[in-house]
>>> print(open('coords13.cif').read())   # mmCIF, C-alpha atoms
data_protein
loop_
_atom_site.label_atom_id
_atom_site.label_comp_id
_atom_site.auth_asym_id
_atom_site.auth_seq_id
_atom_site.Cartn_x
_atom_site.Cartn_y
_atom_site.Cartn_z
CA MET A 20 94.44 174.15 80.75
CA LEU A 21 95.98 174.83 84.15
CA HIS A 22 99.76 174.79 84.32
CA THR A 23 101.64 174.47 87.62
CA VAL A 24 105.29 175.43 88.09
CA ASN A 25 106.99 174.33 91.32
CA LYS A 26 110.63 175.31 90.86
CA SER A 27 112.33 178.70 91.02
CA PRO A 28 113.03 180.29 87.60
CA PHE A 29 116.57 180.86 88.90
CA GLU A 30 117.07 177.12 89.35
CA ARG A 31 115.30 175.57 86.35
CA ASN A 32 113.78 176.73 83.10
CA THR A 33 110.34 175.21 83.69
CA LEU A 34 108.63 178.60 84.12
CA GLU A 35 110.07 179.77 80.82
CA SER A 36 109.03 176.54 79.05
CA CYS A 37 105.58 176.80 80.57
CA LEU A 38 105.06 180.42 79.51
CA ARG A 39 106.29 179.58 76.01
CA HIS A 40 103.82 176.72 75.65
CA ALA A 41 100.76 178.04 77.51
CA LYS A 42 97.93 178.94 75.16
CA LYS A 43 96.08 182.23 75.38
CA GLY A 44 93.42 182.13 78.07
CA SER A 45 95.05 179.37 80.10
CA ALA A 46 96.08 179.66 83.74
CA VAL A 47 99.52 179.34 85.33
CA LEU A 48 99.79 178.61 89.06
CA LEU A 49 103.13 179.14 90.79
CA ILE A 50 103.66 176.85 93.79
CA GLU A 51 106.51 175.86 96.14
CA ASP A 52 109.78 177.54 94.99
CA GLY A 53 107.94 178.44 91.79
CA VAL A 54 106.53 181.46 93.66
CA TYR A 55 109.89 183.22 93.18
CA GLY A 56 108.67 183.73 89.62
CA ALA A 57 105.87 185.92 90.99
CA LEU A 58 108.13 188.65 92.36
CA LYS A 59 108.78 192.22 91.26
CA GLY A 60 112.21 193.44 90.25
CA THR A 61 113.77 190.14 89.20
CA THR A 62 115.32 189.13 85.88
CA VAL A 63 112.14 187.20 84.97
CA SER A 64 109.57 189.82 86.12
CA GLY A 65 109.37 191.33 82.65
CA LYS A 66 108.71 187.97 81.03
CA VAL A 67 105.97 187.14 83.54
CA SER A 68 104.32 190.57 83.14
CA GLU A 69 104.40 190.14 79.37
CA ALA A 70 102.84 186.65 79.69
CA MET A 71 100.02 188.09 81.81
CA LYS A 72 98.66 189.79 78.68
CA SER A 73 97.55 186.36 77.43
CA VAL A 74 97.43 184.02 80.47
CA THR A 75 96.23 184.46 84.06
CA VAL A 76 99.00 183.96 86.61
CA TYR A 77 98.24 182.76 90.14
CA ALA A 78 100.56 182.09 93.09
CA LEU A 79 99.94 179.89 96.12
CA GLN A 80 99.62 182.28 99.08
CA PRO A 81 100.87 179.87 101.80
CA ASP A 82 104.09 179.35 99.78
CA ILE A 83 104.45 183.13 99.21
CA GLU A 84 104.04 183.72 102.96
CA ALA A 85 106.36 180.85 103.94
CA ARG A 86 109.09 182.70 102.02
CA GLY A 87 108.18 186.14 103.43
CA VAL A 88 107.75 187.73 100.01
CA GLN A 89 104.10 188.83 100.27
CA ASN A 90 105.05 192.50 99.78
CA ARG A 91 106.97 191.86 96.56
CA VAL A 92 104.31 190.16 94.41
CA LEU A 93 103.88 191.53 90.88
CA ASP A 94 100.69 193.50 90.26
CA GLY A 95 98.06 191.38 88.54
CA ILE A 96 99.09 188.06 90.07
CA LYS A 97 96.21 186.48 91.94
CA LEU A 98 96.88 184.75 95.25
CA VAL A 99 95.02 181.53 96.11
CA ASP A 100 95.09 179.12 99.07
CA TYR A 101 94.95 175.29 98.77
CA GLY A 102 91.15 175.45 98.36
CA GLY A 103 91.68 177.93 95.52
CA PHE A 104 94.21 175.52 93.98
CA VAL A 105 91.55 172.78 94.05
CA ASP A 106 89.04 175.16 92.43
CA LEU A 107 91.50 176.03 89.65
CA VAL A 108 91.96 172.31 88.91
CA THR A 109 88.20 171.80 88.68
CA GLU A 110 87.70 174.91 86.50
CA HIS A 111 90.20 173.77 83.84
CA ASN A 112 89.87 170.66 81.66
CA ALA A 113 93.36 169.35 82.56
CA THR A 114 96.37 170.14 84.72
CA GLN A 115 99.93 170.13 83.40
CA SER A 116 102.62 170.03 86.09
CA TRP A 117 105.93 171.42 84.83
CA LEU A 118 108.42 169.41 86.85
CA MET B 9 84.56 165.85 91.12
CA LYS B 10 86.90 162.83 91.15
CA PHE B 11 90.62 163.43 91.61
CA GLY B 12 93.61 161.17 91.09
CA ILE B 13 96.81 162.22 92.88
CA LEU B 14 100.30 161.21 91.74
CA VAL B 15 103.23 161.78 94.13
CA ASN B 16 106.69 161.39 92.55
CA GLU B 17 108.85 162.87 95.30
CA GLY B 18 109.93 161.51 98.66
CA PRO B 19 109.16 163.16 102.00
CA TYR B 20 111.49 165.87 103.37
CA THR B 21 113.04 166.39 99.94
CA HIS B 22 111.58 169.61 98.57
CA GLU B 23 107.92 170.38 99.04
CA ALA B 24 105.99 168.18 96.62
CA SER B 25 104.79 165.62 99.17
CA ASP B 26 103.61 168.47 101.43
CA THR B 27 101.77 170.18 98.57
CA ALA B 28 100.18 166.88 97.50
CA TYR B 29 98.98 166.30 101.07
CA GLN B 30 97.59 169.84 101.50
CA PHE B 31 95.90 169.64 98.07
CA THR B 32 94.32 166.26 98.85
CA LYS B 33 93.11 167.51 102.24
CA ALA B 34 91.63 170.70 100.71
CA ALA B 35 89.89 168.67 97.96
CA LEU B 36 88.33 166.36 100.55
CA GLU B 37 87.22 169.35 102.65
CA LYS B 38 85.45 170.72 99.58
CA GLY B 39 83.56 167.45 99.19
CA HIS B 40 85.50 166.06 96.22
CA GLU B 41 86.34 162.38 95.87
CA ILE B 42 89.93 161.12 95.79
CA VAL B 43 89.97 158.04 93.56
CA ARG B 44 93.51 157.08 94.56
CA VAL B 45 96.81 158.55 95.74
CA PHE B 46 99.58 156.81 93.78
CA PHE B 47 103.18 156.98 95.02
CA TYR B 48 105.75 156.47 92.27
CA HIS B 49 109.54 156.92 91.85
CA ASP B 50 111.03 158.41 95.07
CA GLY B 51 107.44 159.05 96.17
CA VAL B 52 107.36 155.48 97.50
CA ASN B 53 109.52 156.69 100.40
CA ASN B 54 106.37 158.35 101.77
CA GLY B 55 105.22 154.85 102.67
CA THR B 56 107.78 153.53 105.16
CA ARG B 57 106.69 153.28 108.78
CA LEU B 58 110.34 153.39 109.95
CA THR B 59 110.67 157.17 109.49
CA THR B 60 111.13 158.92 112.83
CA PRO B 61 111.20 162.70 112.41
CA PRO B 62 111.80 164.93 115.50
CA GLN B 63 108.65 165.07 117.65
CA ASP B 64 108.07 168.80 117.09
CA GLU B 65 108.24 168.40 113.31
CA ARG B 66 105.51 167.38 110.89
CA ASN B 67 105.38 163.61 110.41
CA ILE B 68 104.69 163.29 106.70
CA VAL B 69 104.24 159.49 106.65
CA LYS B 70 101.92 159.44 109.67
CA ARG B 71 99.97 162.42 108.33
CA TRP B 72 99.21 160.56 105.06
CA GLY B 73 98.18 157.49 107.07
CA GLU B 74 95.80 159.51 109.25
CA LEU B 75 94.21 161.17 106.21
CA ALA B 76 93.77 157.75 104.59
CA ASP B 77 92.18 156.40 107.75
CA GLN B 78 89.77 159.35 108.12
CA HIS B 79 88.63 159.32 104.50
CA LYS B 80 89.15 155.67 103.56
CA LEU B 81 91.70 156.73 100.94
CA ASP B 82 93.24 154.20 98.57
CA MET B 83 96.98 154.91 98.84
CA VAL B 84 99.07 152.77 96.50
CA VAL B 85 102.84 152.42 96.41
CA CYS B 86 104.29 151.26 93.06
CA VAL B 87 105.75 147.77 93.53
CA ALA B 88 108.75 148.10 91.19
CA ALA B 89 109.74 151.54 92.53
CA ALA B 90 109.26 150.20 96.08
CA GLN B 91 111.44 147.12 95.55
CA ARG B 92 114.31 149.27 94.31
CA ARG B 93 114.06 151.52 97.36
CA GLY B 94 113.49 148.87 100.02
CA ILE B 95 109.80 149.42 100.76
CA VAL B 96 108.18 146.02 101.40
CA ASP B 97 104.97 144.63 102.87
CA THR B 98 104.67 141.19 104.50
CA ASP B 99 104.13 139.33 101.22
CA GLU B 100 106.98 141.10 99.42
CA ALA B 101 109.33 140.54 102.37
CA LYS B 102 108.53 136.82 102.35
CA ARG B 103 108.83 136.55 98.56
CA HIS B 104 112.28 138.18 98.54
CA GLY B 105 113.56 136.52 101.72
CA LYS B 106 113.78 139.75 103.76
CA ASP B 107 113.80 139.65 107.57
CA ALA B 108 111.13 142.36 108.01
CA ASP B 109 108.56 144.54 106.27
CA ASN B 110 108.26 148.31 106.58
CA ILE B 111 105.12 149.47 104.78
CA ALA B 112 103.31 152.18 106.75
CA PRO B 113 99.67 151.88 107.88
CA GLY B 114 97.27 153.16 105.23
CA PHE B 115 99.58 152.30 102.31
CA HIS B 116 99.57 149.18 100.17
CA ILE B 117 101.80 147.89 97.41
CA SER B 118 100.42 147.34 93.91
CA GLY B 119 101.30 147.80 90.27
CA LEU B 120 101.46 150.66 87.79
CA GLY B 121 98.09 149.54 86.41
CA GLN B 122 96.57 151.24 89.46
CA LEU B 123 97.90 154.59 88.21
CA ILE B 124 96.34 154.02 84.77
CA ASP B 125 93.11 152.96 86.46
CA ALA B 126 93.11 156.16 88.56
CA GLY B 127 93.71 158.21 85.40
CA ILE B 128 90.72 156.58 83.73
CA LYS B 129 88.36 156.86 86.70
CA ALA B 130 89.29 160.38 87.81
CA ASP B 131 88.07 163.59 86.19
CA ARG B 132 91.45 165.19 86.94
CA LEU B 133 94.88 163.67 87.57
CA VAL B 134 97.19 166.05 89.43
CA VAL B 135 100.93 165.37 89.51
CA PHE B 136 103.24 166.46 92.34
CA GLY B 137 106.97 165.91 92.11
CA ASP B 138 110.43 167.22 91.47
#
>>> encode(input="coords13.cif", output="structure tokens")
Amino acid sequence: MLHTVNKSPFERNTLESCLRHAKKGSAVLLIEDGVYGALKGTTVSGKVSEAMKSVTVYALQPDIEARGVQNRVLDGIKLVDYGGFVDLVTEHNATQSWL
Amino acid sequence: MKFGILVNEGPYTHEASDTAYQFTKAALEKGHEIVRVFFYHDGVNNGTRLTTPPQDERNIVKRWGELADQHKLDMVVCVAAAQRRGIVDTDEAKRHGKDADNIAPGFHISGLGQLIDAGIKADRLVVFGD
């Protein structure tokens, strides 16, 4: 299963809900303001790093760059472009958008 | 692979309509098929031809229309959501006694059944919204 999160973890609790529900081996893609969940040194960084032991976390590079935070991305988070987003959707049996 | 796209957010709100557009474009560039783009809830506001953004800014409505034209996309606006928000085509305008229609080129108005149909026909349904 691919999960997408599009809101900042400082605005909504969708990232937290997603990480709580995502099964081991699934993928989580942070898009739009959701990319704020991919940053180092925030109050959710620890939770995201912990989650990365069981799920793969991706972030949409154009949205990271649009916010100028490319130098603050947590180690282990994989950056993808829109083509990579399409590939992730095809590689997983279903997509759950946490809105 | 066949994709269904659901857009639940209006243009110029947050970023969902932009992401949906960029995703659809990237999927087409990779040779995938888009079964249908369905606009629901505030997403129906993507389908009014009366939007006039500043000339140096992206024109979200026109951009969807051009993509639909290039790739013969089926872009459906939900009728009930559209009625509530004042998005009408010629038939709907006549039926409700309105003095004009405002549906944008490339879009057409239909029912929620078209979303279910897209979900059945597509291998993946991807939801963009708020």
>>> closest_residue(input="coords13.cif", among="A:Cys37, A:Leu58, A:Ala85, A:Leu98", to="chain B", atoms="all atoms listed in the file")
A:Ala85
>>> atom_distance(input="coords13.cif", atom1="atom CA of A:Lys59", atom2="atom CA of A:Ile83")
12.8 Å
>>> resolve_selection(input="coords13.cif", expression="the PyMOL selection byres ((chain B) within 9 of (chain A))", output="PyMOL selection string")
chain B and resi 9+22-24+27+30-35+37-38+131-138
>>> atom_distance(input="coords13.cif", atom1="atom CA of B:Leu123", atom2="atom CA of B:Phe46")
6.2 Å
>>> atom_distance(input="coords13.cif", atom1="atom CA of A:Tyr55", atom2="atom CA of A:Ser68")
13.6 Å
>>> resolve_selection(input="coords13.cif", expression="the PyMOL selection byres ((chain A and resi 39) around 12)", output="ChimeraX atom specification")
/A:22,32-38,40-43,45,47,66-67,69-70,73-74
>>> write_last_selection(input="coords13.cif", atoms="C-alpha atoms", output="compact mmCIF listing (two decimals), keeping the file's coordinate frame")
# COMPACT_ATOMS: atom_id res chain seq x y z
CA HIS A 22 99.76 174.79 84.32
CA ASN A 32 113.78 176.73 83.10
CA THR A 33 110.34 175.21 83.69
CA LEU A 34 108.63 178.60 84.12
CA GLU A 35 110.07 179.77 80.82
CA SER A 36 109.03 176.54 79.05
CA CYS A 37 105.58 176.80 80.57
CA LEU A 38 105.06 180.42 79.51
CA HIS A 40 103.82 176.72 75.65
CA ALA A 41 100.76 178.04 77.51
CA LYS A 42 97.93 178.94 75.16
CA LYS A 43 96.08 182.23 75.38
CA SER A 45 95.05 179.37 80.10
CA VAL A 47 99.52 179.34 85.33
CA LYS A 66 108.71 187.97 81.03
CA VAL A 67 105.97 187.14 83.54
CA GLU A 69 104.40 190.14 79.37
CA ALA A 70 102.84 186.65 79.69
CA SER A 73 97.55 186.36 77.43
CA VAL A 74 97.43 184.02 80.47
>>> residues_around(input="coords13.cif", residues="B:Asp82", least_positions_apart="2", cutoff="12 Å", atoms="only C-alpha atoms", output="number ranges by chain")
B: 11-13, 41-47, 72-73, 75-80, 84-85, 113-118, 122-123, 126
>>> write_last_selection(input="coords13.cif", atoms="C-alpha atoms", output="mmCIF file, in the coordinates of the input")
data_model
loop_
_atom_site.group_PDB
_atom_site.id
_atom_site.type_symbol
_atom_site.label_atom_id
_atom_site.label_comp_id
_atom_site.auth_asym_id
_atom_site.auth_seq_id
_atom_site.Cartn_x
_atom_site.Cartn_y
_atom_site.Cartn_z
ATOM 1 C CA PHE B 11 90.620 163.430 91.610
ATOM 2 C CA GLY B 12 93.610 161.170 91.090
ATOM 3 C CA ILE B 13 96.810 162.220 92.880
ATOM 4 C CA GLU B 41 86.340 162.380 95.870
ATOM 5 C CA ILE B 42 89.930 161.120 95.790
ATOM 6 C CA VAL B 43 89.970 158.040 93.560
ATOM 7 C CA ARG B 44 93.510 157.080 94.560
ATOM 8 C CA VAL B 45 96.810 158.550 95.740
ATOM 9 C CA PHE B 46 99.580 156.810 93.780
ATOM 10 C CA PHE B 47 103.180 156.980 95.020
ATOM 11 C CA TRP B 72 99.210 160.560 105.060
ATOM 12 C CA GLY B 73 98.180 157.490 107.070
ATOM 13 C CA LEU B 75 94.210 161.170 106.210
ATOM 14 C CA ALA B 76 93.770 157.750 104.590
ATOM 15 C CA ASP B 77 92.180 156.400 107.750
ATOM 16 C CA GLN B 78 89.770 159.350 108.120
ATOM 17 C CA HIS B 79 88.630 159.320 104.500
ATOM 18 C CA LYS B 80 89.150 155.670 103.560
ATOM 19 C CA VAL B 84 99.070 152.770 96.500
ATOM 20 C CA VAL B 85 102.840 152.420 96.410
ATOM 21 C CA PRO B 113 99.670 151.880 107.880
ATOM 22 C CA GLY B 114 97.270 153.160 105.230
ATOM 23 C CA PHE B 115 99.580 152.300 102.310
ATOM 24 C CA HIS B 116 99.570 149.180 100.170
ATOM 25 C CA ILE B 117 101.800 147.890 97.410
ATOM 26 C CA SER B 118 100.420 147.340 93.910
ATOM 27 C CA GLN B 122 96.570 151.240 89.460
ATOM 28 C CA LEU B 123 97.900 154.590 88.210
ATOM 29 C CA ALA B 126 93.110 156.160 88.560
#
>>> closest_residue(input="coords13.cif", among="B:Thr21, B:Asn54, B:Asp99, B:Asp26", to="B:Cys86", atoms="only C-alpha atoms")
B:Asn54
>>> resolve_selection(input="coords13.cif", expression="the PyMOL selection byres ((chain B and resi 17) around 7)", output="ChimeraX atom specification")
/B:15-16,18-19,24-25,49-51,137-138
>>> residues_around(input="coords13.cif", residues="A:Val99", least_positions_apart="5", cutoff="7 Å", atoms="all atoms listed in the file", output="list of chain:residue names")
A:Tyr77, A:Ala78, A:Leu79, A:Gln80, A:Phe104
>>> decode(input="coords13.cif", residues="stretch 29-87 of chain A", atoms="C-alpha atoms", output="CSV table (one decimal), in the first residue's frame")
chain,number,residue,atom,x,y,z
A,29,PHE,CA,2.0,21.0,12.5
A,30,GLU,CA,-1.4,21.7,10.9
A,31,ARG,CA,-3.2,18.4,11.0
A,32,ASN,CA,-2.7,14.9,12.5
A,33,THR,CA,-2.9,13.0,9.2
A,34,LEU,CA,0.9,12.1,9.2
A,35,GLU,CA,0.5,10.7,12.7
A,36,SER,CA,-2.6,8.7,11.7
A,37,CYS,CA,-0.9,7.5,8.6
A,38,LEU,CA,2.2,6.3,10.4
A,39,ARG,CA,0.0,4.6,13.1
A,40,HIS,CA,-1.9,2.7,10.5
A,41,ALA,CA,0.7,1.9,7.8
A,42,LYS,CA,1.7,-1.7,7.8
A,43,LYS,CA,5.3,-2.9,7.8
A,44,GLY,CA,6.8,-2.8,4.3
A,45,SER,CA,4.4,-0.1,3.0
A,46,ALA,CA,5.4,3.2,1.5
A,47,VAL,CA,4.6,6.7,2.7
A,48,LEU,CA,4.9,9.6,0.3
A,49,LEU,CA,4.9,13.2,1.6
A,50,ILE,CA,3.6,15.8,-0.8
A,51,GLU,CA,2.5,19.4,-0.8
A,52,ASP,CA,2.8,20.8,2.8
A,53,GLY,CA,3.2,17.2,3.9
A,54,VAL,CA,6.9,17.6,3.1
A,55,TYR,CA,7.4,19.5,6.3
A,56,GLY,CA,7.1,16.1,7.9
A,57,ALA,CA,10.4,15.1,6.1
A,58,LEU,CA,12.6,17.6,7.9
A,59,LYS,CA,15.3,17.2,10.5
A,60,GLY,CA,15.1,18.9,14.0
A,61,THR,CA,11.3,19.2,14.3
A,62,THR,CA,9.0,17.9,16.9
A,63,VAL,CA,7.9,15.0,14.6
A,64,SER,CA,11.4,14.1,13.2
A,65,GLY,CA,11.8,11.4,15.9
A,66,LYS,CA,8.4,9.8,15.1
A,67,VAL,CA,9.2,9.8,11.3
A,68,SER,CA,12.7,8.3,11.9
A,69,GLU,CA,11.2,5.6,14.1
A,70,ALA,CA,8.6,4.8,11.4
A,71,MET,CA,11.3,4.4,8.9
A,72,LYS,CA,12.4,1.2,10.6
A,73,SER,CA,9.2,-0.4,9.2
A,74,VAL,CA,8.0,1.7,6.3
A,75,THR,CA,9.8,3.5,3.4
A,76,VAL,CA,9.3,7.3,3.5
A,77,TYR,CA,9.5,9.3,0.3
A,78,ALA,CA,9.1,13.1,-0.3
A,79,LEU,CA,8.1,14.9,-3.5
A,80,GLN,CA,11.3,16.8,-4.5
A,81,PRO,CA,9.5,19.6,-6.4
A,82,ASP,CA,7.5,20.4,-3.2
A,83,ILE,CA,10.6,20.2,-1.1
A,84,GLU,CA,12.4,22.6,-3.4
A,85,ALA,CA,9.4,25.0,-3.7
A,86,ARG,CA,9.7,25.4,0.1
A,87,GLY,CA,13.5,25.8,0.1
